[in-house]
>>> print(open('coords34.cif').read())   # mmCIF, C-alpha atoms
data_protein
loop_
_atom_site.label_atom_id
_atom_site.label_comp_id
_atom_site.auth_asym_id
_atom_site.auth_seq_id
_atom_site.Cartn_x
_atom_site.Cartn_y
_atom_site.Cartn_z
CA MET P 1 113.18 75.77 90.77
CA MET P 2 112.74 77.86 87.63
CA GLY P 3 111.68 81.49 87.95
CA ILE P 4 107.99 82.41 87.73
CA LYS P 5 107.12 85.23 85.35
CA LEU P 6 104.25 87.48 86.44
CA ASN P 7 102.34 90.44 85.07
CA VAL P 8 101.16 92.54 88.02
CA GLN P 9 98.68 95.41 88.12
CA ILE P 10 98.24 97.25 91.43
CA GLU P 11 95.10 99.27 92.10
CA GLU P 12 93.72 100.78 95.30
CA ASN P 13 91.43 97.87 96.23
CA ARG P 14 92.77 95.12 93.97
CA THR P 15 96.08 93.59 92.94
CA THR P 16 95.85 91.45 89.79
CA ILE P 17 98.62 88.90 89.17
CA GLN P 18 98.63 87.28 85.73
CA LEU P 19 100.73 84.12 85.49
CA ASP P 20 102.86 83.72 82.39
CA ASN P 21 101.61 81.80 79.33
CA ASP P 22 97.91 82.22 80.25
CA ASN P 23 98.52 80.00 83.26
CA GLY P 24 95.83 81.65 85.36
CA THR P 25 95.11 84.77 87.39
CA ILE P 26 95.32 85.68 91.08
CA GLU P 27 93.34 88.67 92.36
CA ILE P 28 93.98 90.01 95.87
CA ILE P 29 90.86 92.06 96.66
CA LYS P 30 90.01 94.29 99.60
CA MET P 31 86.35 94.14 100.57
CA GLU P 32 85.91 97.90 101.06
CA GLN P 33 83.53 98.04 98.10
CA LYS P 34 80.98 95.38 97.19
CA GLU P 35 81.64 95.85 93.49
CA SER P 36 85.19 94.60 94.08
CA LEU P 37 83.89 91.04 94.45
CA PRO P 38 84.61 88.74 91.49
CA LYS P 39 81.51 88.19 89.33
CA GLN P 40 82.64 84.80 88.06
CA SER P 41 83.16 81.74 90.22
CA ALA P 42 86.78 81.23 91.28
CA VAL P 43 88.70 79.40 93.98
CA SER P 44 88.80 82.06 96.65
CA LEU P 45 90.87 82.16 99.81
CA LEU P 46 89.09 84.24 102.46
CA LEU P 47 91.20 86.78 104.34
CA ASN P 48 91.02 88.32 107.78
CA GLY P 49 93.75 90.92 107.45
CA ARG P 50 96.66 88.94 105.98
CA THR P 51 95.55 85.65 107.54
CA ILE P 52 93.88 83.07 105.30
CA VAL P 53 90.79 81.80 107.16
CA GLY P 54 88.73 79.92 104.56
CA VAL P 55 88.40 78.61 101.03
CA GLU P 56 85.26 78.90 98.90
CA GLN P 57 84.01 79.33 95.38
CA ILE P 58 82.61 82.88 95.23
CA ASP P 59 80.12 84.09 92.65
CA GLY P 60 79.62 87.81 93.34
CA GLN P 61 78.70 87.38 97.03
CA LEU P 62 80.62 86.64 100.23
CA PRO P 63 79.55 83.45 102.02
CA THR P 64 78.42 83.52 105.64
CA THR P 65 81.43 82.68 107.81
CA LYS P 66 82.30 82.48 111.48
CA GLU P 67 85.49 84.43 110.89
CA LYS P 68 85.54 88.12 109.94
CA VAL P 69 86.36 88.44 106.24
CA ASN P 70 87.71 91.70 104.83
CA GLY P 71 89.41 90.45 101.69
CA ILE P 72 89.78 87.52 99.33
CA ILE P 73 92.38 85.99 97.06
CA ALA P 74 90.44 84.92 93.96
CA ILE P 75 92.28 82.30 91.90
CA THR P 76 91.20 81.54 88.34
CA PRO P 77 93.41 78.60 87.31
CA SER P 78 94.45 77.65 83.79
CA TRP P 79 91.92 75.58 81.86
CA GLU P 80 93.84 72.35 82.52
CA ILE P 81 93.30 72.59 86.30
CA GLU P 82 89.87 71.82 87.75
CA PRO P 83 89.01 74.50 90.39
CA HIS P 84 87.48 72.03 92.88
CA TYR P 85 90.61 69.87 92.79
CA LEU P 86 92.79 72.94 93.30
CA ALA P 87 90.64 74.03 96.27
CA GLN P 88 91.04 70.57 97.81
CA PHE P 89 94.83 70.67 97.31
CA LEU P 90 95.13 74.09 98.99
CA THR P 91 92.92 72.95 101.87
CA ALA P 92 95.09 69.86 102.38
CA GLU P 93 98.32 71.90 102.28
CA ALA P 94 96.91 74.27 104.91
CA GLU P 95 95.96 71.35 107.15
CA LYS P 96 99.52 69.98 106.91
CA ASN P 97 100.68 73.29 108.43
CA GLY P 98 98.08 73.17 111.20
CA LEU P 99 95.70 75.66 109.55
CA VAL P 100 92.08 74.50 109.36
CA LEU P 101 90.24 76.52 106.72
CA GLU P 102 86.53 77.23 107.01
CA THR P 103 84.54 76.05 103.97
CA THR P 104 81.05 75.11 102.82
CA ARG P 105 82.42 73.04 99.92
CA ASP P 106 82.02 69.30 99.69
CA LYS P 107 85.37 67.54 99.80
CA ALA P 108 86.56 66.48 96.36
CA LYS P 109 89.08 63.65 96.15
CA VAL P 110 91.76 64.43 93.58
CA PRO P 111 92.01 61.45 91.17
CA ALA P 112 95.37 59.72 91.00
CA ASN P 113 95.88 60.71 87.36
CA ARG P 114 95.39 64.43 88.24
CA LYS P 115 97.39 64.64 91.48
CA LYS P 116 100.76 65.43 89.87
CA ALA P 117 99.43 68.28 87.69
CA VAL P 118 97.30 69.79 90.47
CA ALA P 119 100.17 69.57 92.98
CA ALA P 120 102.64 71.23 90.60
CA TYR P 121 100.21 74.06 89.84
CA GLY P 122 99.27 74.46 93.50
CA ALA P 123 102.93 74.63 94.56
CA GLU P 124 103.52 77.46 92.07
CA LEU P 125 100.51 79.35 93.42
CA ILE P 126 101.72 78.94 97.01
CA THR P 127 105.14 80.34 96.01
CA VAL P 128 103.49 83.41 94.44
CA LEU P 129 101.25 83.94 97.47
CA GLN P 130 104.24 83.68 99.83
CA THR P 131 106.05 86.30 97.75
CA PHE P 132 103.14 88.68 98.32
CA GLY P 133 103.03 87.92 102.06
CA TYR P 134 100.22 85.32 102.28
CA GLU P 135 100.95 81.88 103.71
CA LEU P 136 98.84 78.81 104.42
CA GLN P 137 99.78 78.86 108.09
CA PRO P 138 98.02 79.86 111.33
CA ALA P 139 98.38 83.50 112.38
CA LYS P 140 100.29 82.63 115.60
CA GLN P 141 102.80 80.58 113.63
CA LEU P 142 103.37 83.48 111.24
CA GLU P 143 103.93 85.88 114.14
CA VAL P 144 106.70 83.64 115.50
CA LYS P 145 108.43 83.68 112.11
CA GLU P 146 108.59 87.49 112.01
CA SER P 147 111.91 88.66 113.44
CA LYS P 148 110.64 92.20 113.90
CA PRO P 149 107.07 93.45 114.30
CA LYS P 150 105.85 95.44 111.34
CA PRO P 151 104.02 98.69 111.98
CA ALA P 152 100.42 98.88 110.80
CA LYS P 153 100.12 100.33 107.33
CA ALA P 154 98.82 103.89 107.44
CA ARG P 155 95.46 104.59 105.80
CA HIS P 156 94.84 107.75 103.81
CA ARG P 157 91.63 109.47 102.79
CA TRP P 158 91.05 111.72 99.80
CA SER P 159 89.05 114.93 100.32
CA LYS P 160 87.86 117.90 98.29
CA ALA P 161 90.24 120.10 100.28
CA VAL P 162 93.32 118.06 99.35
CA SER P 163 92.29 118.05 95.68
CA GLU P 164 92.93 121.80 95.59
CA VAL P 165 96.51 121.57 96.90
CA GLU P 166 99.67 121.27 94.82
CA PHE P 167 102.35 118.98 96.24
CA PHE P 168 106.00 119.21 95.25
CA ILE P 169 108.50 116.36 94.89
CA ASP P 170 112.28 116.84 95.03
CA THR P 171 113.96 113.50 95.75
CA ARG P 172 116.04 110.74 94.14
CA GLU P 173 116.91 112.78 90.99
CA SER P 174 113.23 113.65 90.51
CA LYS P 175 111.39 116.96 90.61
CA ALA P 176 107.65 117.20 90.01
CA THR P 177 104.34 118.78 90.95
CA VAL P 178 101.32 116.58 91.67
CA ILE P 179 97.66 117.04 92.63
CA TRP P 180 95.50 114.31 94.17
CA GLN P 181 92.52 115.44 92.12
CA LYS P 182 90.21 112.44 92.54
CA ARG P 183 90.19 109.40 94.82
CA ASN P 184 91.85 107.22 92.19
CA GLU P 185 93.60 109.95 90.17
CA MET P 186 96.95 111.62 90.78
CA LEU P 187 97.66 114.40 88.27
CA LEU P 188 101.38 114.61 87.51
CA LYS P 189 102.02 117.98 85.87
CA ALA P 190 104.00 118.32 82.64
CA GLY P 191 107.71 119.03 83.04
CA ALA P 192 108.30 116.44 85.77
CA GLN P 193 111.94 115.31 85.92
CA MET P 194 112.40 111.53 86.26
CA MET P 195 115.24 109.41 87.66
CA LYS P 196 117.15 108.15 84.64
CA ASN P 197 118.29 104.70 85.70
CA ALA P 198 116.57 102.20 87.94
CA PRO P 199 118.61 101.05 90.97
CA LEU P 200 119.78 97.44 90.71
CA ASN P 201 119.98 94.57 93.16
CA LYS P 202 123.41 93.41 94.34
CA ASP P 203 123.43 90.76 91.60
CA GLY P 204 122.77 93.39 88.94
CA SER P 205 119.11 92.46 88.40
CA LEU P 206 116.04 94.70 88.58
CA GLY P 207 113.99 94.47 91.77
CA PHE P 208 110.20 94.26 91.90
CA SER P 209 109.71 98.04 92.35
CA ALA P 210 112.09 98.80 89.50
CA LYS P 211 110.21 96.41 87.20
CA MET P 212 106.90 98.02 88.16
CA GLY P 213 108.36 101.47 87.49
CA GLU P 214 109.64 100.38 84.08
CA LYS P 215 106.19 99.03 83.18
CA ILE P 216 104.42 102.26 84.18
CA ARG P 217 106.97 104.26 82.19
CA ALA P 218 106.39 102.06 79.15
CA ASP P 219 102.64 102.70 79.43
CA HIS P 220 103.30 106.46 79.21
CA ALA P 221 106.28 106.42 76.84
CA SER P 222 104.61 108.79 74.36
CA GLN P 223 104.30 111.43 77.11
CA VAL P 224 108.00 111.45 78.05
CA LYS P 225 111.10 112.81 76.30
CA ASP P 226 114.62 112.76 77.72
CA PHE P 227 113.29 111.65 81.12
CA LYS P 228 110.95 114.62 81.38
CA THR P 229 107.16 114.50 81.00
CA THR P 230 105.88 116.50 78.03
CA GLU P 231 102.25 116.71 79.16
CA ASP P 232 100.08 116.13 82.21
CA ILE P 233 99.82 112.45 83.16
CA ILE P 234 97.13 110.76 85.23
CA LEU P 235 98.38 108.02 87.58
CA LYS P 236 96.34 105.96 90.03
CA SER P 237 97.98 106.52 93.40
CA VAL P 238 100.75 108.17 95.40
CA ASN P 239 102.76 104.95 95.23
CA GLU P 240 102.37 104.75 91.45
CA VAL P 241 103.70 108.31 91.15
CA GLY P 242 106.76 107.23 93.17
CA LEU P 243 107.32 104.15 91.01
CA PHE P 244 106.99 106.22 87.82
CA LEU P 245 109.33 109.05 88.90
CA TYR P 246 112.03 107.30 90.92
CA PHE P 247 111.20 103.54 91.02
CA GLY P 248 109.88 103.75 94.58
CA GLY P 249 112.31 102.66 97.26
CA THR P 250 110.97 105.15 99.79
CA ASN P 251 107.67 106.10 101.44
CA SER P 252 106.24 108.41 98.79
CA TRP P 253 103.62 109.76 101.22
CA LEU P 254 106.53 111.51 102.96
CA GLU P 255 108.12 112.84 99.75
CA MET P 256 105.29 115.16 98.62
CA PHE P 257 105.11 118.59 100.30
CA ASP P 258 102.75 121.54 99.96
CA LYS P 259 104.10 125.11 99.74
CA ASP P 260 104.27 125.30 103.55
CA GLY P 261 106.23 122.04 103.95
CA LYS P 262 103.29 119.88 105.05
CA THR P 263 103.39 116.37 103.59
CA ILE P 264 100.54 114.71 101.73
CA ASN P 265 100.65 112.13 104.52
CA GLU P 266 99.86 114.83 107.11
CA TRP P 267 97.04 116.09 104.92
CA THR P 268 95.34 112.74 104.46
CA VAL P 269 96.39 110.13 107.05
CA VAL P 270 93.52 108.58 109.05
CA GLU P 271 94.45 108.48 112.74
#
>>> encode(input="coords34.cif", output="structure tokens")
Amino acid sequence: MMGIKLNVQIEENRTTIQLDNDNGTIEIIKMEQKESLPKQSAVSLLLNGRTIVGVEQIDGQLPTTKEKVNGIIAITPSWEIEPHYLAQFLTAEAEKNGLVLETTRDKAKVPANRKKAVAAYGAELITVLQTFGYELQPAKQLEVKESKPKPAKARHRWSKAVSEVEFFIDTRESKATVIWQKRNEMLLKAGAQMMKNAPLNKDGSLGFSAKMGEKIRADHASQVKDFKTTEDIILKSVNEVGLFLYFGGTNSWLEMFDKDGKTINEWTVVE
């Protein structure tokens, strides 16, 4: 199988994945804010946590469902692929794996002359979704596949108090001062020292985090000289700061300390 090229943008409540050559878009959206819902109709996989529970076409509103829905994967396919045929293909693939998806759609039979194109496109989408941790399989089946249980991801909350605190970074060849000044704004102060070279995989290639770090650095190239920031830079999150400074590879919430040695995680984690 040939590699799949992606352009990925990660925000607090949304991850946007652009397939190469205008081949469509995948948006993974948390339902914490109503305005996060897609305004245009798309093939949308309904999520309960990381489990896919339904498939619909959403137009700015969540449908009424039996299952709890706290996120969606909105898929806008390329113009050659009819959304209702794609939805039918994904539903059928889920059923093959024993996953029955809730839906209010009418079943649409994929014509014989469209099956090959829809199947090829759908298979590529499934590969991308699997890479990001979403599979068309029942939750119990996924739990069996996991060799080790994963701890729940910590949640953090911005506050006015934390916006007044400077946090210091000294790790992985990087030194910097940051302030979480607004909910979606991390101020990285001028003079931040950056790791020079991204760590490589065993085969000499760049990993996903390294590629993301390189992209963020390219976006702010005019504000960096000799791997040191020349002016204040606004980034979107703690994780984005880590990717920018040292290509991630560690829990950045535990790498930022106030003057008394208290981490930004301790300041903001929701128990």
>>> atom_distance(input="coords34.cif", atom1="CA of Gly54 (chain P)", atom2="CA of Val100 (chain P)")
8.0 Å
>>> residues_around(input="coords34.cif", residues="Ile169 (chain P)", least_positions_apart="2", cutoff="12 Å", atoms="all atoms listed in the file", output="ChimeraX atom specification")
/P:166-167,171-179,188-189,192-194,238,241-242,245-246,252-259,261-264
>>> atom_distance(input="coords34.cif", atom1="CA of Gln223 (chain P)", atom2="CA of Val8 (chain P)")
22.0 Å
>>> closest_residue(input="coords34.cif", among="P:Leu46, P:Pro111, P:Trp267, P:Gly98", to="Glu164 (chain P)", atoms="all atoms listed in the file")
P:Trp267
>>> closest_residue(input="coords34.cif", among="P:Ile75, P:Ala87, P:Ala117, P:Ile81", to="Thr16 (chain P)", atoms="only C-alpha atoms")
P:Ile75
>>> closest_residue(input="coords34.cif", among="P:Arg50, P:Lys68, P:Arg14, P:Lys115", to="Glu135 (chain P)", atoms="all atoms listed in the file")
P:Arg50
>>> closest_residue(input="coords34.cif", among="P:Ile126, P:Ala74, P:Leu136, P:Leu47", to="Leu99 (chain P)", atoms="only C-alpha atoms")
P:Leu136
>>> closest_residue(input="coords34.cif", among="P:Ile10, P:Ala198, P:Ala154, P:Leu19", to="Leu235 (chain P)", atoms="only C-alpha atoms")
P:Ile10
>>> resolve_selection(input="coords34.cif", expression="the PyMOL selection byres ((chain P and resi 180) around 8)", output="VMD selection string")
chain P and resid 158 162 to 163 165 178 to 179 181 to 183 185 to 187
>>> atom_distance(input="coords34.cif", atom1="CA of Phe208 (chain P)", atom2="CA of Glu124 (chain P)")
18.1 Å
